[in-house]
There are 2 protein chains.
Amino acid sequence: MGRGISYRDAGVNIRVAEDALARIKRHVERTRRPEVISEIGGFGGLFRLGGLSDAVLVASTDGVGTKLRLADLLDSHDTIGQDLVNHCVNDVAVMGAEPLFFLDYFATGKLDPPRFERVVAGMALACRENGAALLGGETAEMPGFYVDGEYDIAGFIVGACERAALLRPEDAREGDVCVGVPSNGLHTNGYSLARACVAREAARSGRDPRELYRTRFDELGGVTLGDALLAVHTSYLADIRRLRASGGLRSVAHLTGGGWEGNLPRALPEGLGAHVDRRAWSVPPIFTLLQRMGEVEDREMWDTFNMGIGVVAVMDAGQVPQDALRIGVVEPARGDRRVRFD
Amino acid sequence: MGRGISYRDAGVNIRVAEDALARIKRHVERTRRPEVISEIGGFGGLFRLGGLSDAVLVASTDGVGTKLRLADLLDSHDTIGQDLVNHCVNDVAVMGAEPLFFLDYFATGKLDPPRFERVVAGMALACRENGAALLGGETAEMPGFYVDGEYDIAGFIVGACERAALLRPEDAREGDVCVGVPSNGLHTNGYSLARACVAREAARSGRDPRELYRTRFDELGGVTLGDALLAVHTSYLADIRRLRASGGLRSVAHLTGGGWEGNLPRALPEGLGAHVDRRAWSVPPIFTLLQRMGEVEDREMWDTFNMGIGVVAVMDAGQVPQDALRIGVVEPARGDRRVRFD
């Protein structure tokens, strides 16, 4: 039956999938926590939950958006997994939870085991750094769905805390202080806009965008534009733990898609907004460079990017640590926008 | 600054995203369980876990593979979300857990809110049917990443059970009986091969594959090939609960990607295999039709598709319910394949 169709003819090669799984096994093993009681290969991952008297599970899912396109363009696949995990970790940390475990979804047209290993090794590294177990994942080979070589990744995280320890937007009050924790770049948001800015500059100067990404810029401290854009999404787990330990932490906003107006109000109750003093910190040069390249309006920038602050902690004014970066105060909301800038 | 770039120019429209979220809100609300203590809009979903003395969380992630391509070809988007959820539910149910909550990842090049609503409404329906809360999700608009109109979806599920209630492959023994529970079609696996079979038949008969999918076949009971292929992945949660209640349930295998050899051994300890009598049930006509169209070898069929059995329960021979479909027995493994057919 040489003329018949096999699954391999149809574009799916089980052997390649097995090679891919074998490659990531040791990375995954290194993320193991004592609570993990499953082995790779089960239908689901098993995590024993103990030690909490009134446990709340906190779950979140995220992707890394078109930062992947840039990673692909620059053949940089070692850190995109860290981006994904850290993004997810921050989303549970701002709710007051500690991360427990992470699962990933990796989809591609044709599985490339070495590249797959680079991506998952990055996830495993970030899982270990944040104390989360890499509990499972799905590797989907979908011929004809993604351009050859391209892939998409999504992450899923579960954290937990005592119910009483949840950080709740309802607890923020007028007069509370907004504390900013710096970001190291765009993190995982606004890459469609960033890439459009670079494309515009390339067109204007008659250069290949790829070459532009590989150019070192003095204003970026001598690193290439591509490297500045691929800086790993910061994990704020340790910062949030520290702010919490200092007392007076009410809630935290993770500045992701939608920028300031899209996220800071998520840490505040209805009726309250924030008054932010933009002179409190310097917007990192990667943002001003992109803005110049794309001639992007100020408001568009702040509604898209984090502009140098990765998370905003809302704190009792009387308990703000001395070394904290005070960037604003909570005030009654006015008008249709809840973040007001000075 | 009319010449500058806005996020909308870059292909991402926040207004459309807001429309999409507004559309799914009521679907999501209907999946609410009392343990859900978060509202839409938080950085993470909150689920209060109580009532278990030694809780184990069971987590799994899945996609629906290239069944999506068929859904797209036939403009059928109402049930693909059910496929995704039911697939995930089965993966935690076969471990012995009850589903708690589900999160989805939806990625597309350009968000189409009505289509997005159809897909998520399907997820919400299946969540409700299985008693799982739709706790969160990520909607990623990635211009230039997916072909316009196409999308990918991934699901993440968390279930829980008492540690002592886990179904464990280690508990299966020689002489145990394999009980099959029927499938209603391909579920979510083998669609790349299935589509290749149909493409081959179309080429041979000089027809458009799309027309072939829309053709009614007598051997399919008069339904179209497309409808037979898009039959919703069965949820086996109720079946597994029932088999468990009858006593003597040791472990369960979900027959997904990799077919029989790829999955049945996952419910057995090392050193044991299964001897399956294929005369115990009739392979549904959708499989024999595909096999004929693609001239696919028998072994390839059984290594890819479920062939009419969605889950295999391994049970104590003395406690098999009278109405159960006995399809085989557990025996020592011989050679490199652990499933032996009669």
# chains A, B, ... in the order shown; residues from 1 in each chain; ligands from 1
>>> closest_atom_pairs(of="chain B", to="chain A", cutoff="6 Å", atoms="only C-alpha atoms", output="tab-separated table")
residue	atom	partner	partner_atom	distance
B:Gly4	CA	A:Glu295	CA	4.4
B:Ile5	CA	A:Val296	CA	5.3
B:Tyr7	CA	A:Leu193	CA	5.4
B:Ala10	CA	A:Leu193	CA	5.2
B:Phe43	CA	A:Asp91	CA	5.2
B:Gly44	CA	A:Ser60	CA	4.7
B:Gly45	CA	A:Ala59	CA	5.1
B:Leu46	CA	A:Val58	CA	4.7
B:Phe47	CA	A:Leu57	CA	5.0
B:Arg48	CA	A:Val56	CA	4.2
B:Leu49	CA	A:Ala55	CA	5.5
B:Ala55	CA	A:Leu49	CA	5.5
B:Val56	CA	A:Arg48	CA	4.2
B:Leu57	CA	A:Phe47	CA	5.0
B:Val58	CA	A:Leu46	CA	4.7
B:Ala59	CA	A:Gly45	CA	5.1
B:Ser60	CA	A:Gly44	CA	4.7
B:Thr61	CA	A:Glu138	CA	5.9
B:Asp62	CA	A:Glu138	CA	5.6
B:Thr66	CA	A:Met142	CA	5.9
B:Asp91	CA	A:Phe43	CA	5.2
B:Val92	CA	A:Gly44	CA	5.8
B:Gly137	CA	A:Thr61	CA	6.0
B:Glu138	CA	A:Asp62	CA	5.6
B:Met142	CA	A:Thr66	CA	5.9
B:Ser192	CA	A:Ala10	CA	5.7
B:Leu193	CA	A:Ala10	CA	5.2
B:Ala196	CA	A:Ala10	CA	5.9
B:Gly294	CA	A:Ile5	CA	5.6
B:Glu295	CA	A:Gly4	CA	4.4
B:Val296	CA	A:Gly4	CA	5.0
>>> select_by_dssp(residues="segment 115-324 of chain B", states="strand (DSSP E)", output="PyMOL selection string")
chain B and resi 133-141+151-162+177-182+249-254+272-276+309-315
>>> select_by_dssp(residues="segment 7-193 of chain A", states="alpha helix (DSSP H)", output="count of residues only")
58
>>> residues_around(residues="Arg33 of chain B", least_positions_apart="4", cutoff="8 Å", atoms="only C-alpha atoms", output="number ranges by chain")
B: 131-133
>>> write_last_selection(atoms="N, CA and C atoms", output="PDB file, in the first residue's frame")
ATOM      1  N   GLY B 131     -19.814  21.469  34.633  1.00  0.00           N
ATOM      2  CA  GLY B 131     -19.698  22.058  35.959  1.00  0.00           C
ATOM      3  C   GLY B 131     -18.386  22.773  36.212  1.00  0.00           C
ATOM      4  N   ALA B 132     -17.707  23.201  35.142  1.00  0.00           N
ATOM      5  CA  ALA B 132     -16.451  23.943  35.305  1.00  0.00           C
ATOM      6  C   ALA B 132     -16.719  25.433  35.106  1.00  0.00           C
ATOM      7  N   ALA B 133     -16.063  26.261  35.903  1.00  0.00           N
ATOM      8  CA  ALA B 133     -16.192  27.707  35.716  1.00  0.00           C
ATOM      9  C   ALA B 133     -15.232  28.156  34.615  1.00  0.00           C
TER      10      ALA B 133
END
>>> closest_residue(among="B:Leu74, B:Leu255, B:Ala165, B:Leu243", to="Gly226 of chain B", atoms="only C-alpha atoms")
B:Leu74
>>> atom_distance(atom1="atom CA of His275 of chain A", atom2="atom CA of Arg338 of chain A")
8.4 Å
>>> residues_around(residues="Leu229 of chain A", least_positions_apart="4", cutoff="8 Å", atoms="only C-alpha atoms", output="PyMOL selection string")
chain A and resi 185-186+225+286
